[in-house]
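Data from input_22.cif: mmCIF, C-alpha atoms and all ligand atoms
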```cif
data_run
#
loop_
_atom_site.label_atom_id
_atom_site.label_comp_id
_atom_site.auth_asym_id
_atom_site.auth_seq_id
_atom_site.Cartn_x
_atom_site.Cartn_y
_atom_site.Cartn_z
CA MET A 91 98.31 156.24 125.20
CA THR A 92 96.68 156.32 121.81
CA LEU A 93 97.21 159.25 119.51
CA GLU A 94 93.75 158.67 118.08
CA SER A 95 91.94 159.64 121.28
CA GLY A 96 91.03 163.29 121.45
CA PRO A 97 88.57 165.85 122.75
CA SER A 98 84.90 165.51 122.03
CA ALA A 99 83.83 169.14 122.25
CA THR A 100 81.33 170.36 119.69
CA GLY A 101 81.03 174.15 120.32
CA PRO A 102 83.96 176.57 120.02
CA ILE A 103 86.93 175.51 122.12
CA LEU A 104 87.83 179.10 122.86
CA GLU A 105 85.96 182.36 122.58
CA VAL A 106 87.76 185.54 123.57
CA ASN A 107 85.73 188.72 123.99
CA ASP A 108 87.13 192.24 124.46
CA LEU A 109 90.33 190.98 126.09
CA ALA A 110 92.51 193.77 127.49
CA VAL A 111 95.82 193.43 129.34
CA SER A 112 98.06 196.19 130.66
CA PHE A 113 101.17 196.89 132.69
CA GLY A 114 101.24 199.43 135.52
CA ARG A 115 97.52 199.17 136.36
CA GLY A 116 96.34 200.31 132.98
CA ALA A 117 99.16 202.79 132.31
CA TRP A 118 100.74 200.67 129.54
CA PRO A 119 98.13 198.75 127.57
CA ALA A 120 99.59 195.65 125.89
CA VAL A 121 96.38 194.08 124.56
CA ARG A 122 93.59 196.53 123.83
CA GLY A 123 90.40 194.60 123.20
CA LEU A 124 90.64 191.34 121.27
CA ASP A 125 87.75 189.28 119.95
CA PHE A 126 88.35 185.90 118.35
CA ARG A 127 87.35 182.25 118.56
CA LEU A 128 88.85 178.85 117.85
CA ASN A 129 86.83 175.85 116.80
CA PRO A 130 87.68 172.26 117.74
CA GLY A 131 90.59 170.92 115.72
CA GLU A 132 91.23 174.27 114.06
CA VAL A 133 94.73 175.72 113.72
CA VAL A 134 94.74 179.51 113.93
CA GLY A 135 97.84 181.65 113.49
CA LEU A 136 98.49 184.78 115.55
CA VAL A 137 101.13 186.90 113.85
CA GLY A 138 102.84 190.22 114.49
CA GLU A 139 106.15 191.85 115.31
CA SER A 140 107.69 191.82 118.79
CA GLY A 141 105.60 193.99 121.09
CA SER A 142 102.37 193.51 119.12
CA GLY A 143 100.76 191.80 122.14
CA LYS A 144 100.57 188.27 120.75
CA SER A 145 102.56 186.57 123.52
CA MET A 146 100.76 188.61 126.18
CA THR A 147 97.51 187.33 124.68
CA ALA A 148 98.75 183.75 125.07
CA TYR A 149 99.89 184.28 128.64
CA SER A 150 96.56 185.83 129.59
CA LEU A 151 94.73 182.77 128.19
CA LEU A 152 96.92 180.51 130.31
CA GLY A 153 96.80 182.67 133.44
CA LEU A 154 100.58 183.11 133.25
CA LEU A 155 100.84 186.88 132.93
CA PRO A 156 104.24 188.23 134.03
CA PHE A 157 104.70 190.30 137.17
CA GLY A 158 103.22 193.78 136.73
CA ALA A 159 100.74 192.75 134.03
CA ARG A 160 97.04 192.38 134.71
CA LEU A 161 93.87 191.41 132.91
CA ASP A 162 91.85 194.63 132.71
CA ARG A 163 88.68 193.32 131.12
CA GLY A 164 87.18 190.74 128.84
CA SER A 165 86.13 187.14 128.95
CA ILE A 166 88.03 183.99 127.95
CA LEU A 167 85.44 181.29 127.40
CA PHE A 168 87.18 177.94 127.26
CA GLN A 169 84.55 175.35 126.37
CA GLY A 170 81.99 177.73 127.83
CA GLU A 171 83.81 178.35 131.14
CA ASP A 172 85.24 181.84 131.71
CA LEU A 173 88.92 181.39 132.57
CA ALA A 174 89.15 185.03 133.60
CA LEU A 175 86.88 184.25 136.57
CA LEU A 176 88.66 181.08 137.70
CA PRO A 177 90.97 181.22 140.74
CA PRO A 178 94.69 180.77 139.87
CA LYS A 179 94.83 177.20 141.23
CA ALA A 180 91.90 176.06 139.11
CA ARG A 181 93.52 177.62 136.03
CA ARG A 182 96.83 175.91 136.74
CA ASN A 183 94.97 172.60 136.99
CA LEU A 184 93.77 173.05 133.42
CA LEU A 185 97.35 173.34 132.18
CA GLY A 186 98.50 170.07 130.72
CA ARG A 187 95.10 168.41 131.11
CA ARG A 188 92.96 170.53 128.82
CA LEU A 189 95.36 173.30 127.82
CA GLY A 190 98.85 172.60 126.48
CA MET A 191 101.65 175.14 126.04
CA ILE A 192 104.67 174.83 123.78
CA PHE A 193 107.18 177.44 124.79
CA GLN A 194 109.56 179.41 122.60
CA GLU A 195 112.78 178.33 124.30
CA PRO A 196 112.71 174.63 125.19
CA LEU A 197 115.77 174.81 127.43
CA THR A 198 114.00 177.08 129.88
CA ALA A 199 110.90 174.86 129.79
CA LEU A 200 112.88 171.80 130.90
CA ASN A 201 114.44 171.22 134.30
CA PRO A 202 118.19 170.60 133.82
CA VAL A 203 118.55 168.39 136.92
CA TYR A 204 115.93 165.79 135.98
CA SER A 205 116.18 163.33 133.14
CA ILE A 206 113.98 163.85 130.09
CA GLY A 207 112.00 160.73 130.92
CA GLU A 208 111.39 161.70 134.54
CA GLN A 209 109.94 165.02 133.42
CA VAL A 210 107.57 163.40 130.92
CA ALA A 211 106.62 160.54 133.24
CA GLU A 212 105.85 162.99 136.05
CA ILE A 213 102.97 164.37 133.99
CA PHE A 214 101.42 160.91 133.76
CA ARG A 215 102.00 160.19 137.46
CA ILE A 216 100.80 163.49 138.89
CA ARG A 217 98.18 164.54 136.40
CA ALA A 218 96.85 161.17 135.21
CA GLY A 219 97.39 159.18 138.43
CA LEU A 220 99.48 156.39 136.86
CA ASN A 221 101.96 154.37 138.90
CA ARG A 222 105.70 154.64 138.18
CA LYS A 223 105.87 151.68 135.87
CA GLU A 224 102.86 152.74 133.80
CA ALA A 225 104.08 156.33 133.65
CA ARG A 226 107.50 155.22 132.44
CA ALA A 227 105.99 153.06 129.71
CA ARG A 228 103.72 155.88 128.54
CA ALA A 229 106.60 158.38 128.57
CA ILE A 230 108.80 156.12 126.44
CA GLU A 231 105.94 155.55 124.02
CA LEU A 232 105.37 159.29 123.74
CA LEU A 233 109.06 160.08 123.24
CA GLY A 234 108.98 157.67 120.30
CA GLN A 235 105.87 159.34 118.89
CA VAL A 236 107.52 162.76 118.83
CA GLY A 237 110.32 161.26 116.74
CA LEU A 238 113.14 160.82 119.25
CA PRO A 239 115.35 157.93 118.11
CA ARG A 240 115.92 155.21 120.75
CA PRO A 241 113.26 156.56 123.15
CA GLU A 242 114.46 154.34 126.03
CA GLY A 243 117.87 155.99 125.83
CA ALA A 244 116.25 159.41 125.51
CA TYR A 245 114.25 158.67 128.68
CA ALA A 246 117.43 158.41 130.73
CA SER A 247 119.19 161.36 129.11
CA TYR A 248 119.34 164.97 130.33
CA PRO A 249 118.25 168.18 128.54
CA HIS A 250 121.80 169.54 128.09
CA ARG A 251 122.72 166.49 126.00
CA PHE A 252 119.97 167.20 123.45
CA SER A 253 120.04 169.58 120.48
CA GLY A 254 117.53 172.45 120.33
CA GLY A 255 115.30 170.50 117.94
CA MET A 256 115.29 167.40 120.15
CA ARG A 257 114.53 169.49 123.23
CA GLN A 258 111.61 171.07 121.41
CA ARG A 259 110.32 167.57 120.59
CA VAL A 260 110.39 166.80 124.33
CA VAL A 261 108.48 170.01 125.11
CA ILE A 262 105.90 169.06 122.48
CA ALA A 263 105.59 165.62 124.07
CA MET A 264 104.98 167.21 127.48
CA ALA A 265 102.42 169.67 126.06
CA LEU A 266 100.48 166.93 124.27
CA ALA A 267 100.88 164.13 126.83
CA LEU A 268 97.33 164.36 128.16
CA ASN A 269 95.65 165.15 124.83
CA PRO A 270 94.70 168.76 125.64
CA ASP A 271 91.75 170.28 123.81
CA LEU A 272 93.72 173.43 123.03
CA VAL A 273 97.46 173.86 122.44
CA ILE A 274 99.12 177.26 122.48
CA ALA A 275 102.45 177.27 120.63
CA ASP A 276 104.42 180.47 121.29
CA GLU A 277 107.06 180.91 118.56
CA PRO A 278 108.10 177.25 118.93
CA THR A 279 110.62 177.34 116.08
CA THR A 280 112.31 180.71 116.64
CA ALA A 281 115.50 179.21 118.08
CA LEU A 282 115.79 176.48 115.41
CA ASP A 283 117.40 176.38 111.98
CA PRO A 284 114.94 176.28 109.03
CA THR A 285 115.17 172.53 108.35
CA ILE A 286 114.54 171.56 111.98
CA ALA A 287 111.87 174.25 112.26
CA ALA A 288 109.99 172.69 109.32
CA GLN A 289 110.17 169.26 111.00
CA ILE A 290 108.85 170.68 114.28
CA ILE A 291 105.96 172.39 112.52
CA ARG A 292 105.03 169.17 110.72
CA LEU A 293 105.20 167.32 114.04
CA ILE A 294 102.90 169.78 115.82
CA GLN A 295 100.56 169.68 112.85
CA SER A 296 100.31 165.89 112.66
CA LEU A 297 100.09 165.19 116.40
CA THR A 298 97.46 167.84 117.09
CA ALA A 299 95.44 166.72 114.04
CA GLN A 300 95.49 163.12 115.30
CA ARG A 301 94.20 164.26 118.67
CA GLY A 302 91.69 166.76 117.29
CA SER A 303 93.28 169.53 119.40
CA ALA A 304 92.82 173.15 118.39
CA VAL A 305 96.06 175.12 118.08
CA LEU A 306 96.81 178.81 118.50
CA PHE A 307 100.17 179.15 116.73
CA ILE A 308 102.00 182.37 117.56
CA THR A 309 104.74 183.61 115.25
CA HIS A 310 106.30 186.73 113.73
CA ASN A 311 106.71 184.88 110.41
CA LEU A 312 103.59 184.97 108.25
CA ARG A 313 105.00 182.42 105.84
CA LEU A 314 105.29 179.74 108.54
CA LEU A 315 101.52 179.67 108.71
CA ILE A 316 100.98 178.71 105.06
CA GLY A 317 99.67 175.18 104.93
CA LEU A 318 99.49 175.10 108.73
CA ALA A 319 96.81 177.59 109.81
CA LYS A 320 93.29 177.62 108.52
CA ARG A 321 92.86 181.20 109.69
CA VAL A 322 95.32 183.94 110.59
CA LEU A 323 94.91 186.85 112.98
CA VAL A 324 97.35 189.72 112.44
CA MET A 325 98.07 191.85 115.52
CA TYR A 326 99.53 195.33 115.77
CA HIS A 327 99.90 197.43 118.92
CA GLY A 328 97.56 195.22 120.94
CA LEU A 329 94.76 194.99 118.38
CA ILE A 330 93.73 192.59 115.64
CA VAL A 331 94.17 194.48 112.38
CA GLU A 332 93.29 191.66 109.99
CA GLU A 333 91.74 188.21 109.99
CA LEU A 334 92.26 186.18 106.83
CA THR A 335 92.07 182.74 105.32
CA ASP A 336 93.77 183.48 101.99
CA PHE A 337 97.43 184.52 101.95
CA GLN A 338 96.98 185.86 98.40
CA ASP A 339 94.48 188.42 99.69
CA LEU A 340 96.28 190.50 102.32
CA ARG A 341 94.34 193.76 102.59
CA HIS A 342 95.81 195.58 105.59
CA PRO A 343 98.96 197.62 104.79
CA TYR A 344 100.66 196.12 107.87
CA SER A 345 99.99 192.53 106.74
CA GLN A 346 101.24 193.46 103.27
CA GLY A 347 104.36 194.98 104.85
CA LEU A 348 105.01 191.84 106.92
CA TRP A 349 104.80 189.79 103.72
CA ARG A 350 107.12 192.06 101.71
CA ALA A 351 109.68 191.99 104.54
CA LEU A 352 110.00 188.19 104.37
CA PRO A 353 113.04 186.72 102.65
CA PRO A 354 112.30 184.52 99.60
CA GLU A 355 111.32 180.98 100.45
CA PRO A 356 114.45 178.81 100.82
CA GLY A 357 115.02 176.47 97.91
CA THR A 358 112.78 178.35 95.45
CA GLY A 359 115.67 180.19 93.78
CA ALA A 360 113.59 183.38 93.98
CA ASP A 361 115.68 186.52 94.14
CA ARG A 362 113.71 189.52 95.23
CA ARG A 363 114.55 192.56 97.27
CA LEU A 364 113.35 192.59 100.88
CA ILE A 365 111.33 195.65 101.72
CA PRO A 366 111.37 196.22 105.48
CA ILE A 367 108.53 198.08 107.16
CA PRO A 368 109.94 201.53 107.97
CA GLY A 369 110.29 202.62 111.59
CA GLN A 370 109.74 200.65 114.77
CA ALA A 371 106.68 198.93 116.18
CA PRO A 372 105.38 201.03 119.09
CA GLY A 373 105.80 199.73 122.65
CA PRO A 374 102.85 198.97 124.96
CA GLY A 375 102.85 202.37 126.65
CA GLU A 376 102.93 204.49 123.50
CA LEU A 377 99.72 206.36 122.85
CA ILE A 378 99.23 206.95 119.14
CA PRO A 379 96.13 208.85 118.03
CA GLY A 380 94.07 207.23 115.28
CA CYS A 381 95.52 204.18 113.58
CA ALA A 382 98.64 203.03 115.44
CA PHE A 383 100.22 201.95 112.15
CA ALA A 384 99.83 205.41 110.56
CA PRO A 385 103.41 206.63 111.31
CA ARG A 386 104.76 203.65 109.30
CA CYS A 387 102.00 203.23 106.72
CA PRO A 388 102.75 204.14 103.08
CA GLN A 389 99.04 204.69 102.46
CA ALA A 390 98.21 206.81 105.51
CA GLN A 391 95.65 209.60 104.96
CA GLU A 392 94.80 212.53 107.17
CA ILE A 393 91.90 210.64 108.83
CA CYS A 394 94.29 207.84 109.83
CA HIS A 395 96.12 210.12 112.25
CA ARG A 396 92.84 211.14 113.86
CA GLU A 397 90.47 208.20 114.03
CA LEU A 398 91.00 204.61 115.10
CA PRO A 399 89.58 202.45 112.30
CA LEU A 400 86.98 199.86 113.26
CA LEU A 401 87.60 196.16 112.70
CA LYS A 402 85.18 195.65 109.82
CA THR A 403 83.76 192.23 109.02
CA LEU A 404 83.91 191.77 105.24
CA ALA A 405 82.87 188.10 105.24
CA PRO A 406 82.97 185.17 107.68
CA ALA A 407 86.56 184.87 109.04
CA ARG A 408 87.47 188.02 107.09
CA ARG A 409 88.01 191.20 109.10
CA VAL A 410 90.14 194.26 108.40
CA ARG A 411 90.89 197.32 110.54
CA CYS A 412 91.79 200.02 108.03
CA HIS A 413 90.07 203.21 106.82
CA LEU A 414 90.83 202.20 103.22
CA SER A 415 89.33 198.72 103.34
CA CYS A 416 85.77 197.98 102.29
FE1 LIG A 501 97.32 202.78 106.88
FE2 LIG A 501 95.31 204.40 107.39
FE3 LIG A 501 94.83 201.84 106.98
FE4 LIG A 501 96.07 202.62 109.21
S1 LIG A 501 93.98 203.10 108.60
S2 LIG A 501 96.63 200.94 107.93
S3 LIG A 501 97.28 204.33 108.44
S4 LIG A 501 95.66 203.33 105.50
#
```
Translate this structure into C-alpha cells?
Amino acid sequence: MTLESGPSATGPILEVNDLAVSFGRGAWPAVRGLDFRLNPGEVVGLVGESGSGKSMTAYSLLGLLPFGARLDRGSILFQGEDLALLPPKARRNLLGRRLGMIFQEPLTALNPVYSIGEQVAEIFRIRAGLNRKEARARAIELLGQVGLPRPEGAYASYPHRFSGGMRQRVVIAMALALNPDLVIADEPTTALDPTIAAQIIRLIQSLTAQRGSAVLFITHNLRLLIGLAKRVLVMYHGLIVEELTDFQDLRHPYSQGLWRALPPEPGTGADRRLIPIPGQAPGPGELIPGCAFAPRCPQAQEICHRELPLLKTLAPARRVRCHLSC
C-alpha cells in the first residue's frame, strides 16, 4: 500500500442538507436540521458539549444510529449519492472502503480475542480481496506507518497488551487501511493523556493529508482544532450555531463560552481563571422556546427567549446563529 494514493474526487465529498435525527419517533430531537459540506482533503471540526448532537450527526452519516434513534429528514450526499436512501447493507459496504471511522474508545473498537495483525489483515482480505500472505504484508506495513515500533511483533500481539495510545494507532490504521475518501474521527483523543493525544492528532493529520482524505473531526475541545481544522462547526442543542475559520473571531456567545472554559494551553505558563459556562446543556428532549442557549447566555435579550435566531451567512464559511450577530 502506498500512502500517496488517494481519492480523486473533485466535487464536495459530503453535502448534508437539513439533517434531522430523533429518538422516540420524533419525540426527542437530537439533531434538528443541519446543513454543511466537506470538500476533498479538507479537515472540518465539529465541536460542542456532550448532548449537542455531534456524535449523533456522525452516526447518522455512517448509518450507525443507536437503537431508538431514526433519521427524520434530510439528505446526506456522499460524492453525489444520497446515503439516506441507501439500504443498510449498501451503507455498511461503504464503511472502510470509502468511509473510515475512528472511534472514541479504541478498546471497544478492537476484538479482544483476535491479534492486532489479524484484525488489520482481515480488512485487506475481505474488503480488498488479497490472499493471506499479501494481507499480512500490507497489515505489517500499515502498522509501521501508524508508528507502532516493531510492527511484526505488534501484528502478533493482542489489544489488552497495548496502551491506549497504541490501541488508538491500530484503530487509525484500520480506518485508513483502504484509503477512504472521508474519515470521521469521533473524539479520538478523549481517553488519552495530552502528550499522546497530540501525537495521535498529528498522526491523523499527516496520514489523511497524504491520502487526500477529508476529515470530520468531532471534539468537545475547541483548542484541539487549532492548526488541524480549516473550518469549525459549533453545535448546540442539535443545531449549528457558528461556522468559523478564524479562532480569534468567535462571535457566538456559546463559542466564546467554550473558549473561556478551556484551561490554559499546557506549557505556555499562562495563568488565567477558567470561566465555565453556567448551567447545563439541554438534553435532546428538552423544548426551549427561542434560542436554546438563552437560559445560559450572558447576553440574552427578551427576543432570545421568544424567537429562534436564523443561521446567518456573514461571508463564505462564516455563519452565526444569534440575534446579536450581523
Ligand atoms: Fe445569546 Fe440571544 Fe445570541 Fe442566543 S440569540 S446566543 S441568547 S444573544
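Neighbours of ligand LIG 501 (chain A) at a cut-off of 7 Å, computed so that only C-alpha atoms and all ligand atoms are counted, are the residues His342, Pro343, Tyr344, Cys381, Ala382, Phe383, Ala384, Cys387, Pro388, Gln389, Ala390, Gln391, Cys394, Pro399, Arg411, Cys412, His413 and Leu414 of chain A.
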May I have the selected residues written with C-alpha atoms, as an mmCIF file, in the coordinates of the input?
```cif
data_model
loop_
_atom_site.group_PDB
_atom_site.id
_atom_site.type_symbol
_atom_site.label_atom_id
_atom_site.label_comp_id
_atom_site.auth_asym_id
_atom_site.auth_seq_id
_atom_site.Cartn_x
_atom_site.Cartn_y
_atom_site.Cartn_z
ATOM 1 C CA HIS A 342 95.810 195.580 105.590
ATOM 2 C CA PRO A 343 98.960 197.620 104.790
ATOM 3 C CA TYR A 344 100.660 196.120 107.870
ATOM 4 C CA CYS A 381 95.520 204.180 113.580
ATOM 5 C CA ALA A 382 98.640 203.030 115.440
ATOM 6 C CA PHE A 383 100.220 201.950 112.150
ATOM 7 C CA ALA A 384 99.830 205.410 110.560
ATOM 8 C CA CYS A 387 102.000 203.230 106.720
ATOM 9 C CA PRO A 388 102.750 204.140 103.080
ATOM 10 C CA GLN A 389 99.040 204.690 102.460
ATOM 11 C CA ALA A 390 98.210 206.810 105.510
ATOM 12 C CA GLN A 391 95.650 209.600 104.960
ATOM 13 C CA CYS A 394 94.290 207.840 109.830
ATOM 14 C CA PRO A 399 89.580 202.450 112.300
ATOM 15 C CA ARG A 411 90.890 197.320 110.540
ATOM 16 C CA CYS A 412 91.790 200.020 108.030
ATOM 17 C CA HIS A 413 90.070 203.210 106.820
ATOM 18 C CA LEU A 414 90.830 202.200 103.220
#
```
Need the shell around stretch 155-159 of chain A: protein/DNA/RNA residues with any atom at most 12 Å away, counting only C-alpha atoms. Skip same-chain ones fewer than 2 positions apart. Format as a compact mmCIF listing (two decimals) with C-alpha atoms, in the coordinates of the input?
```txt
# COMPACT_ATOMS: atom_id res chain seq x y z
CA ALA A 110 92.51 193.77 127.49
CA VAL A 111 95.82 193.43 129.34
CA SER A 112 98.06 196.19 130.66
CA PHE A 113 101.17 196.89 132.69
CA GLY A 114 101.24 199.43 135.52
CA ARG A 115 97.52 199.17 136.36
CA GLY A 116 96.34 200.31 132.98
CA ALA A 117 99.16 202.79 132.31
CA TRP A 118 100.74 200.67 129.54
CA PRO A 119 98.13 198.75 127.57
CA ALA A 120 99.59 195.65 125.89
CA VAL A 121 96.38 194.08 124.56
CA GLY A 143 100.76 191.80 122.14
CA SER A 145 102.56 186.57 123.52
CA MET A 146 100.76 188.61 126.18
CA THR A 147 97.51 187.33 124.68
CA ALA A 148 98.75 183.75 125.07
CA TYR A 149 99.89 184.28 128.64
CA SER A 150 96.56 185.83 129.59
CA LEU A 151 94.73 182.77 128.19
CA LEU A 152 96.92 180.51 130.31
CA GLY A 153 96.80 182.67 133.44
CA LEU A 161 93.87 191.41 132.91
CA ASP A 162 91.85 194.63 132.71
CA ALA A 174 89.15 185.03 133.60
CA PRO A 178 94.69 180.77 139.87
CA PRO A 374 102.85 198.97 124.96
```
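The space between atom CA of A:Leu297 and atom CA of A:Gln235 spans 8.6 Å.
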Q.
Show me, as number ranges by chain, the residues that have an atom within 9 Å of stretch 276-281 of chain A when counting all atoms listed in the file, minus same-chain residues fewer than 6 positions from it.
A. A: 144-145, 148, 191-196, 254-255, 258, 287-288, 290-291, 306-310
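Straight-line separation from atom CA of A:Pro385 to atom CA of A:Gln346: 15.6 Å.
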Return the single residue from A:Leu185, A:Leu364, A:Ala199, A:Met256 that is closest to A:Leu282, with distances computed using only C-alpha atoms.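 Closest candidate: A:Met256.
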message = So that I can see what lies close to stretch 133-138 of chain A, please list as a PyMOL selection string the residues with an atom at most 10 Å from it, counting all atoms listed in the file and leaving out residues fewer than 3 positions away in the same chain.
response = chain A and resi 127-130+141-145+147-148+272-277+295+298-299+303-316+318-328+330-335+344-345+348+371
So how far away is atom CA of A:Arg350 from atom CA of A:Thr403, in Å?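 Computed distance, atom CA of A:Thr403 to atom CA of A:Arg350, equals 24.5 Å.
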I'd like to know which of A:Ala263, A:Val106, A:Leu124, A:Leu184 is closest to A:Asp172, using all atoms listed in the file.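 For A:Asp172, the nearest of the candidates is A:Val106.
The environment of A:Pro202 within 8 Å, counting all atoms listed in the file and disregarding residues fewer than 4 places along the same chain, consists of A:Tyr248, A:Pro249, A:His250.
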(Q) Within 9 Å of (108.2, 165.5, 132.1) in the file's own coordinates, which protein, DNA or RNA residues have an atom, counting all atoms listed in the file? List them as a VMD selection string. (A) chain A and resid 200 to 201 204 to 214 229 260 to 261 263 to 264
Query raised in the report: Which residue, A:Ile216, A:Leu233, A:Leu175, A:Val410, has the smallest gap to A:Asp339 when you use only C-alpha atoms?
Result: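 Of A:Ile216, A:Leu233, A:Leu175, A:Val410, the one nearest A:Asp339 is A:Val410, counting only C-alpha atoms.
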